[in-house]
$ cat coords.txt   # compact mmCIF, C-alpha atoms
# COMPACT_ATOMS: atom_id res chain seq x y z
CA GLY A 111 -11.33 -2.21 -29.29
CA ILE A 112 -10.37 0.32 -26.62
CA TYR A 113 -12.49 3.03 -28.20
CA TYR A 114 -15.41 0.61 -28.39
CA ALA A 115 -14.99 -0.12 -24.66
CA ILE A 116 -15.00 3.63 -23.94
CA GLN A 117 -18.13 4.05 -26.06
CA GLU A 118 -19.87 1.25 -24.17
CA ASP A 119 -18.96 2.77 -20.75
CA ALA A 120 -16.72 -0.10 -19.67
CA ASP A 121 -15.28 0.06 -16.16
CA ILE A 122 -12.20 -2.08 -16.86
CA ILE A 123 -10.15 -3.06 -19.92
CA ASN A 124 -7.88 -6.11 -19.96
CA LEU A 125 -5.06 -5.98 -22.52
CA SER A 126 -3.54 -9.46 -22.72
CA LEU A 127 -1.14 -8.38 -25.44
CA ALA A 128 2.39 -7.05 -25.74
CA ALA A 129 4.64 -5.98 -28.59
CA THR A 130 7.31 -8.51 -29.57
CA GLU A 131 9.61 -5.85 -31.00
CA ASN A 132 11.02 -2.60 -29.58
CA ILE A 133 8.07 -0.63 -30.88
CA LEU A 134 6.02 1.91 -28.92
CA SER A 135 2.60 2.42 -30.50
CA LYS A 136 1.33 6.00 -30.36
CA PRO A 137 -2.19 5.03 -31.52
CA LEU A 138 -2.41 2.46 -28.71
CA ASP A 139 -1.04 4.90 -26.15
CA ASP A 140 -3.48 7.58 -27.33
CA ALA A 141 -6.39 5.16 -26.92
CA ILE A 142 -5.24 4.24 -23.40
CA ASP A 143 -4.95 7.94 -22.54
CA ASP A 144 -8.59 8.38 -23.53
CA ALA A 145 -9.62 5.32 -21.52
CA LEU A 146 -7.91 6.64 -18.39
CA GLU A 147 -9.47 10.06 -18.97
CA ALA A 148 -12.85 8.29 -19.02
CA GLY A 149 -12.08 6.73 -15.63
CA ILE A 150 -11.52 3.20 -16.95
CA VAL A 151 -9.12 0.88 -15.14
CA VAL A 152 -6.60 -0.53 -17.67
CA VAL A 153 -4.75 -3.79 -16.93
CA ALA A 154 -1.99 -5.06 -19.25
CA ALA A 155 0.23 -8.12 -19.56
CA ALA A 156 3.95 -7.47 -19.10
CA GLY A 157 4.96 -9.72 -22.01
CA ASN A 158 6.95 -12.95 -22.09
CA HIS A 159 10.27 -12.19 -23.77
CA HIS A 160 12.52 -11.72 -20.71
CA ARG A 161 13.63 -8.23 -21.65
CA SER A 162 13.22 -4.67 -20.47
CA ILE A 163 9.63 -3.54 -20.42
CA SER A 164 10.62 0.04 -21.29
CA THR A 165 10.11 -0.55 -25.03
CA VAL A 166 7.15 -2.95 -24.78
CA CYS A 167 3.75 -1.50 -25.62
CA PRO A 168 1.45 -1.09 -23.74
CA ALA A 169 3.32 -2.41 -20.68
CA HIS A 170 5.91 0.42 -20.75
CA ARG A 171 3.33 2.71 -19.13
CA ASP A 172 3.41 3.52 -15.43
CA ASP A 173 -0.21 4.77 -15.28
CA ILE A 174 -1.86 1.40 -15.94
CA ILE A 175 -1.69 -1.87 -13.98
CA VAL A 176 1.09 -4.00 -15.51
CA VAL A 177 1.10 -7.69 -14.57
CA ALA A 178 4.00 -10.16 -14.60
CA ALA A 179 3.53 -13.92 -14.11
CA VAL A 180 4.58 -16.56 -11.58
CA ASP A 181 4.29 -20.34 -11.35
CA GLU A 182 2.47 -22.34 -8.66
CA ASP A 183 5.42 -21.84 -6.28
CA LEU A 184 5.28 -18.04 -6.76
CA ASN A 185 8.56 -18.06 -8.68
CA ASN A 186 9.09 -16.00 -11.81
CA MET A 187 7.41 -17.63 -14.79
CA TYR A 188 9.52 -19.73 -17.17
CA PHE A 189 8.19 -21.87 -20.02
CA TYR A 190 9.11 -23.08 -23.50
CA ASP A 191 7.04 -21.84 -26.43
CA GLU A 192 5.98 -23.75 -29.54
CA ASN A 193 9.43 -23.10 -31.04
CA ASP A 194 11.11 -24.56 -27.95
CA MET A 195 12.34 -21.11 -26.95
CA LEU A 196 12.63 -20.29 -23.24
CA GLN A 197 10.25 -17.51 -22.23
CA SER A 198 9.79 -15.54 -19.00
CA SER A 199 8.13 -12.31 -17.85
CA ASN A 200 9.45 -9.00 -19.06
CA TYR A 201 10.87 -6.83 -16.29
CA GLY A 202 11.25 -3.17 -15.45
CA GLY A 203 10.04 -0.16 -13.53
CA SER A 204 6.45 -0.29 -14.74
CA VAL A 205 5.73 -3.82 -13.47
CA ASP A 206 3.13 -3.40 -10.71
CA VAL A 207 2.12 -6.88 -9.51
CA THR A 208 2.28 -10.52 -10.48
CA ALA A 209 -0.30 -13.33 -10.85
CA PRO A 210 -0.52 -17.03 -11.88
CA GLY A 211 0.69 -17.60 -15.44
CA VAL A 212 1.97 -21.18 -15.79
CA LYS A 213 -0.05 -24.25 -16.86
CA LEU A 214 -3.43 -22.60 -16.52
CA LYS A 215 -6.64 -24.19 -17.76
CA VAL A 216 -8.09 -21.87 -20.40
CA CYS A 217 -10.76 -21.78 -23.08
CA ILE A 218 -9.37 -22.46 -26.57
CA PRO A 219 -10.82 -22.51 -30.11
CA PHE A 220 -12.34 -25.85 -31.02
CA SER A 221 -10.10 -25.90 -34.10
CA LYS A 222 -7.12 -26.30 -31.74
CA ASP A 223 -8.87 -28.52 -29.20
CA SER A 224 -7.64 -32.11 -29.44
CA ASP A 225 -9.86 -33.28 -26.57
CA GLY A 226 -13.04 -31.66 -27.82
CA ASP A 227 -14.05 -30.10 -24.50
CA GLY A 228 -13.21 -26.48 -25.29
CA TYR A 229 -10.36 -26.27 -22.78
CA GLY A 230 -6.59 -26.40 -22.95
CA GLU A 231 -3.45 -25.40 -21.07
CA ALA A 232 -1.57 -22.14 -21.56
CA ASP A 233 1.28 -20.10 -20.12
CA GLY A 234 2.21 -16.43 -20.13
CA THR A 235 1.52 -12.99 -18.74
CA SER A 236 -1.62 -12.93 -20.90
CA MET A 237 -2.94 -15.59 -18.52
CA ALA A 238 -1.82 -13.60 -15.46
CA ALA A 239 -3.35 -10.22 -16.35
CA PRO A 240 -7.00 -11.43 -16.21
CA HIS A 241 -6.52 -12.48 -12.57
CA ILE A 242 -5.74 -8.87 -11.69
CA THR A 243 -8.57 -7.64 -13.91
CA ALA A 244 -10.95 -9.84 -11.90
CA ILE A 245 -9.67 -8.30 -8.66
CA ALA A 246 -10.19 -4.84 -10.16
CA ALA A 247 -13.76 -5.84 -11.09
CA MET A 248 -14.49 -6.92 -7.51
CA LEU A 249 -13.10 -3.64 -6.21
CA LYS A 250 -15.29 -1.65 -8.62
CA LEU A 251 -18.32 -3.55 -7.30
CA LEU A 252 -17.32 -2.61 -3.75
CA TYR A 253 -16.32 0.97 -4.62
CA PRO A 254 -18.10 2.06 -7.84
CA ASP A 255 -16.65 5.57 -7.69
CA ALA A 256 -13.03 4.46 -7.20
CA SER A 257 -10.66 5.94 -9.77
CA PRO A 258 -8.07 3.92 -11.73
CA VAL A 259 -5.39 5.29 -9.40
CA GLN A 260 -7.32 4.19 -6.32
CA VAL A 261 -8.00 0.70 -7.71
CA GLU A 262 -4.31 0.24 -8.52
CA ALA A 263 -3.28 1.45 -5.07
CA LEU A 264 -5.69 -0.98 -3.39
CA ILE A 265 -4.40 -3.94 -5.40
CA LYS A 266 -0.79 -3.07 -4.60
CA SER A 267 -1.58 -2.57 -0.93
CA CYS A 268 -2.60 -6.21 -0.43
CA ALA A 269 0.32 -7.77 -2.33
CA LYS A 270 2.54 -10.40 -0.76
CA ASP A 271 6.14 -9.32 -1.25
CA LEU A 272 8.18 -11.57 -3.56
CA GLY A 273 11.81 -11.39 -4.72
CA ASP A 274 13.86 -8.49 -3.39
CA GLU A 275 12.41 -6.74 -0.36
CA GLY A 276 9.89 -4.10 -1.35
CA ARG A 277 9.08 -3.30 -4.93
CA ASP A 278 11.35 -4.85 -7.59
CA ASP A 279 11.46 -4.95 -11.38
CA ILE A 280 10.48 -8.64 -11.68
CA TYR A 281 7.53 -9.00 -9.30
CA GLY A 282 6.54 -5.36 -8.81
CA MET A 283 4.84 -5.07 -5.42
CA GLY A 284 4.27 -8.83 -5.38
CA PHE A 285 1.33 -11.25 -5.42
CA PRO A 286 -2.05 -9.71 -4.43
CA LEU A 287 -4.03 -11.52 -1.71
CA VAL A 288 -7.65 -10.50 -2.13
CA SER A 289 -8.66 -11.46 1.41
CA HIS A 290 -6.59 -8.54 2.69
CA LEU A 291 -8.87 -6.12 0.83
CA ILE A 292 -12.08 -7.05 2.65
CA THR A 293 -12.11 -4.01 4.94
CA GLY A 294 -15.20 -2.09 3.80
CA LEU A 295 -12.95 0.86 2.98
CA PRO A 296 -11.30 1.94 -0.32
CA PHE A 297 -7.98 2.82 1.37
CA GLY A 298 -4.82 0.80 0.98
CA ASP A 299 -3.38 1.94 4.32
CA ILE A 300 -6.34 1.08 6.59
CA HIS A 301 -6.78 -2.45 7.97
CA GLU A 302 -9.35 -4.02 10.27
CA SER A 303 -6.61 -4.61 12.86
CA ASP A 304 -5.94 -0.86 13.21
CA TRP A 305 -7.15 0.54 16.55
CA PHE A 306 -8.83 3.42 14.70
CA TYR A 307 -10.51 1.27 12.02
CA ASP A 308 -14.08 1.68 13.36
CA MET A 309 -13.68 5.45 13.58
CA VAL A 310 -12.36 5.72 10.01
CA LEU A 311 -15.22 3.51 8.78
CA ASP A 312 -17.73 5.75 10.57
CA VAL A 313 -16.49 9.06 9.12
CA TYR A 314 -16.15 7.49 5.65
CA LYS A 315 -19.71 6.13 5.64
CA LYS A 316 -21.00 9.53 6.75
CA GLY A 317 -19.10 11.21 3.91
CA CYS A 318 -17.10 13.40 6.29
CA MET A 319 -13.66 12.07 5.31
CA THR A 320 -12.97 10.51 1.91
CA GLY A 321 -9.23 9.96 1.85
CA LYS A 322 -6.21 11.77 0.48
CA GLY A 323 -7.29 13.09 -2.89
CA ASP A 324 -7.13 10.47 -5.64
CA THR A 325 -4.35 8.35 -4.14
CA GLY A 326 -6.27 5.39 -2.69
CA TYR A 327 -4.94 6.18 0.81
CA PHE A 328 -6.54 7.62 3.95
CA ASP A 329 -3.17 8.96 5.13
CA SER A 330 -3.91 8.56 8.83
CA MET A 331 -0.40 9.60 9.90
CA SER A 332 -0.52 13.13 8.43
CA TYR A 333 -1.41 16.27 10.33
CA LEU A 334 -4.83 17.85 9.80
CA VAL A 335 -4.29 21.23 8.13
CA ARG A 336 -6.68 24.19 8.32
CA GLN A 337 -8.36 23.65 4.97
CA ASP A 338 -8.97 19.98 5.81
CA ALA A 339 -10.53 20.97 9.13
CA ALA A 340 -12.78 23.51 7.40
CA LEU A 341 -13.93 20.96 4.84
CA LEU A 342 -14.51 18.36 7.56
CA LEU A 343 -16.72 20.76 9.54
CA TYR A 344 -18.63 21.63 6.38
CA ARG A 345 -19.30 17.98 5.61
CA MET A 346 -20.26 17.24 9.22
CA ALA A 347 -23.01 19.82 8.77
CA TYR A 348 -24.46 17.45 6.11
CA ARG A 349 -24.25 19.99 3.36
CA LYS A 350 -23.59 19.07 -0.25
CA LYS A 351 -20.17 17.69 -1.26
CA VAL A 352 -17.64 20.33 -2.25
CA SER A 353 -14.31 20.32 -4.03
CA VAL A 354 -11.30 22.29 -2.82
CA LEU A 355 -8.58 23.70 -5.07
CA GLN A 356 -5.15 22.92 -3.55
$ encode --input "coords.txt" --output "structure tokens"
Amino acid sequence: GIYYAIQEDADIINLSLAATENILSKPLDDAIDDALEAGIVVVAAAGNHHRSISTVCPAHRDDIIVVAAVDEDLNNMYFYDENDMLQSSNYGGSVDVTAPGVKLKVCIPFSKDSDGDGYGEADGTSMAAPHITAIAAMLKLLYPDASPVQVEALIKSCAKDLGDEGRDDIYGMGFPLVSHLITGLPFGDIHESDWFYDMVLDVYKKGCMTGKGDTGYFDSMSYLVRQDAALLLYRMAYRKKVSVLQ
């Protein structure tokens, strides 16, 4: 499926799946490597077995967007499965953000649809991951050239902190609030309330300043070094875009 998405020039892949055993899949990891190399944003569910994510594939990776789940009160997801077993989000260092994952209205196969309307209720991080995939899709519409790293940085930058202060292993950076991303700029550290916002927007639209490499940040607090100044002057002369080896 991943290779088919690469072949069809997909921009984003949602992986609402997670291993139930301590098995890391090299074929799956290899496919994700190729997707990232192709510039595709990859979003994955953290899994629902309340254990360390370090041995859960594909969510063990720290180069994709890994999504945990919360309930309507923004608390860590808990639910009972069909075997009456308590389930909750997996946790660990690769969890990036969280999204709604409890009692969601979803499409289901008609063979399992008792009401006959094509909808049912479901829980899990597989329900949460598509929320973040949708945010990634909106960002790619706003910034078609944004890299997977930049898209991830933008999503994290607008997250409401949950749990322990700062990033933690249960909620990651927290619960993304999309309204905070409507800035017209693909930088996670620039906000409309900043006194220099209009100036950053101006130099970005003119192509003079494009941010700090592939990080998703403008890095407004850093000093301007000589090579940056030279490149800025070159771009201000409206010449073609150039790349600089660091």
$ residues_around --input "coords.txt" --residues "segment 141-148 of chain A" --least-positions-apart "5" --cutoff "7 Å" --atoms "only C-alpha atoms" --output "compact mmCIF listing (two decimals) with C-alpha atoms, keeping the file's coordinate frame"
# COMPACT_ATOMS: atom_id res chain seq x y z
CA ILE A 112 -10.37 0.32 -26.62
CA TYR A 113 -12.49 3.03 -28.20
CA ILE A 116 -15.00 3.63 -23.94
$ residues_around --input "coords.txt" --residues "segment 183-189 of chain A" --least-positions-apart "6" --cutoff "12 Å" --atoms "only C-alpha atoms" --output "PDB file with C-alpha atoms, in the frame of the given file"
ATOM      1  CA  ALA A 156       3.950  -7.470 -19.100  1.00  0.00           C
ATOM      2  CA  GLY A 157       4.960  -9.720 -22.010  1.00  0.00           C
ATOM      3  CA  ASN A 158       6.950 -12.950 -22.090  1.00  0.00           C
ATOM      4  CA  HIS A 159      10.270 -12.190 -23.770  1.00  0.00           C
ATOM      5  CA  HIS A 160      12.520 -11.720 -20.710  1.00  0.00           C
ATOM      6  CA  VAL A 177       1.100  -7.690 -14.570  1.00  0.00           C
ATOM      7  CA  MET A 195      12.340 -21.110 -26.950  1.00  0.00           C
ATOM      8  CA  LEU A 196      12.630 -20.290 -23.240  1.00  0.00           C
ATOM      9  CA  GLN A 197      10.250 -17.510 -22.230  1.00  0.00           C
ATOM     10  CA  SER A 198       9.790 -15.540 -19.000  1.00  0.00           C
ATOM     11  CA  SER A 199       8.130 -12.310 -17.850  1.00  0.00           C
ATOM     12  CA  ASN A 200       9.450  -9.000 -19.060  1.00  0.00           C
ATOM     13  CA  TYR A 201      10.870  -6.830 -16.290  1.00  0.00           C
ATOM     14  CA  VAL A 207       2.120  -6.880  -9.510  1.00  0.00           C
ATOM     15  CA  THR A 208       2.280 -10.520 -10.480  1.00  0.00           C
ATOM     16  CA  ALA A 209      -0.300 -13.330 -10.850  1.00  0.00           C
ATOM     17  CA  PRO A 210      -0.520 -17.030 -11.880  1.00  0.00           C
ATOM     18  CA  GLY A 211       0.690 -17.600 -15.440  1.00  0.00           C
ATOM     19  CA  VAL A 212       1.970 -21.180 -15.790  1.00  0.00           C
ATOM     20  CA  LYS A 213      -0.050 -24.250 -16.860  1.00  0.00           C
ATOM     21  CA  ALA A 232      -1.570 -22.140 -21.560  1.00  0.00           C
ATOM     22  CA  ASP A 233       1.280 -20.100 -20.120  1.00  0.00           C
ATOM     23  CA  GLY A 234       2.210 -16.430 -20.130  1.00  0.00           C
ATOM     24  CA  THR A 235       1.520 -12.990 -18.740  1.00  0.00           C
ATOM     25  CA  SER A 236      -1.620 -12.930 -20.900  1.00  0.00           C
ATOM     26  CA  MET A 237      -2.940 -15.590 -18.520  1.00  0.00           C
ATOM     27  CA  ALA A 238      -1.820 -13.600 -15.460  1.00  0.00           C
ATOM     28  CA  LYS A 270       2.540 -10.400  -0.760  1.00  0.00           C
ATOM     29  CA  ASP A 271       6.140  -9.320  -1.250  1.00  0.00           C
ATOM     30  CA  LEU A 272       8.180 -11.570  -3.560  1.00  0.00           C
ATOM     31  CA  GLY A 273      11.810 -11.390  -4.720  1.00  0.00           C
ATOM     32  CA  ASP A 279      11.460  -4.950 -11.380  1.00  0.00           C
ATOM     33  CA  ILE A 280      10.480  -8.640 -11.680  1.00  0.00           C
ATOM     34  CA  TYR A 281       7.530  -9.000  -9.300  1.00  0.00           C
ATOM     35  CA  GLY A 282       6.540  -5.360  -8.810  1.00  0.00           C
ATOM     36  CA  GLY A 284       4.270  -8.830  -5.380  1.00  0.00           C
ATOM     37  CA  PHE A 285       1.330 -11.250  -5.420  1.00  0.00           C
ATOM     38  CA  PRO A 286      -2.050  -9.710  -4.430  1.00  0.00           C
TER      39      PRO A 286
END
$ closest_residue --input "coords.txt" --among "A:Tyr314, A:Phe306, A:Tyr253, A:Tyr344" --to "Ser330 of chain A" --atoms "only C-alpha atoms"
A:Phe306
$ residues_around --input "coords.txt" --residues "Ser267 of chain A" --least-positions-apart "3" --cutoff "10 Å" --atoms "only C-alpha atoms" --output "list in words"
Val261, Glu262, Ala263, Leu264, Lys270, Met283, Gly284, Pro286, Leu287, His290, Leu291, Phe297, Gly298, Asp299, Ile300, Gly326 and Tyr327 of chain A
$ residues_near_point --input "coords.txt" --point "(6.1, 4.4, -18.8)" --cutoff "12 Å" --atoms "only C-alpha atoms" --output "PyMOL selection string"
chain A and resi 134+139+162-176+202-206
$ residues_around --input "coords.txt" --residues "Pro258 of chain A" --least-positions-apart "2" --cutoff "7 Å" --atoms "only C-alpha atoms" --output "compact mmCIF listing (two decimals) with C-alpha atoms, keeping the file's coordinate frame"
# COMPACT_ATOMS: atom_id res chain seq x y z
CA GLY A 149 -12.08 6.73 -15.63
CA ILE A 150 -11.52 3.20 -16.95
CA VAL A 151 -9.12 0.88 -15.14
CA ALA A 256 -13.03 4.46 -7.20
CA GLN A 260 -7.32 4.19 -6.32
CA VAL A 261 -8.00 0.70 -7.71
CA GLU A 262 -4.31 0.24 -8.52
$ atom_distance --input "coords.txt" --atom1 "atom CA of Ala179 of chain A" --atom2 "atom CA of Glu131 of chain A"
19.7 Å
$ atom_distance --input "coords.txt" --atom1 "atom CA of Ile122 of chain A" --atom2 "atom CA of Ala244 of chain A"
9.3 Å
$ atom_distance --input "coords.txt" --atom1 "atom CA of Leu334 of chain A" --atom2 "atom CA of Asp255 of chain A"
24.4 Å
$ residues_near_point --input "coords.txt" --point "(-7.9, -9.0, -22.2)" --cutoff "10 Å" --atoms "only C-alpha atoms" --output "PDB file with C-alpha atoms, in the frame of the given file"
ATOM      1  CA  ILE A 122     -12.200  -2.080 -16.860  1.00  0.00           C
ATOM      2  CA  ILE A 123     -10.150  -3.060 -19.920  1.00  0.00           C
ATOM      3  CA  ASN A 124      -7.880  -6.110 -19.960  1.00  0.00           C
ATOM      4  CA  LEU A 125      -5.060  -5.980 -22.520  1.00  0.00           C
ATOM      5  CA  SER A 126      -3.540  -9.460 -22.720  1.00  0.00           C
ATOM      6  CA  LEU A 127      -1.140  -8.380 -25.440  1.00  0.00           C
ATOM      7  CA  VAL A 152      -6.600  -0.530 -17.670  1.00  0.00           C
ATOM      8  CA  VAL A 153      -4.750  -3.790 -16.930  1.00  0.00           C
ATOM      9  CA  ALA A 154      -1.990  -5.060 -19.250  1.00  0.00           C
ATOM     10  CA  ALA A 155       0.230  -8.120 -19.560  1.00  0.00           C
ATOM     11  CA  SER A 236      -1.620 -12.930 -20.900  1.00  0.00           C
ATOM     12  CA  MET A 237      -2.940 -15.590 -18.520  1.00  0.00           C
ATOM     13  CA  ALA A 239      -3.350 -10.220 -16.350  1.00  0.00           C
ATOM     14  CA  PRO A 240      -7.000 -11.430 -16.210  1.00  0.00           C
ATOM     15  CA  THR A 243      -8.570  -7.640 -13.910  1.00  0.00           C
TER      16      THR A 243
END
$ residues_around --input "coords.txt" --residues "Gly294 of chain A" --least-positions-apart "4" --cutoff "9 Å" --atoms "all atoms listed in the file" --output "PDB file with C-alpha atoms, in the coordinates of the input"
ATOM      1  CA  LEU A 252     -17.320  -2.610  -3.750  1.00  0.00           C
ATOM      2  CA  GLU A 302      -9.350  -4.020  10.270  1.00  0.00           C
ATOM      3  CA  LEU A 311     -15.220   3.510   8.780  1.00  0.00           C
TER       4      LEU A 311
END
$ closest_residue --input "coords.txt" --among "A:Val310, A:Ala246, A:Tyr114, A:Arg161" --to "Val259 of chain A" --atoms "all atoms listed in the file"
A:Ala246
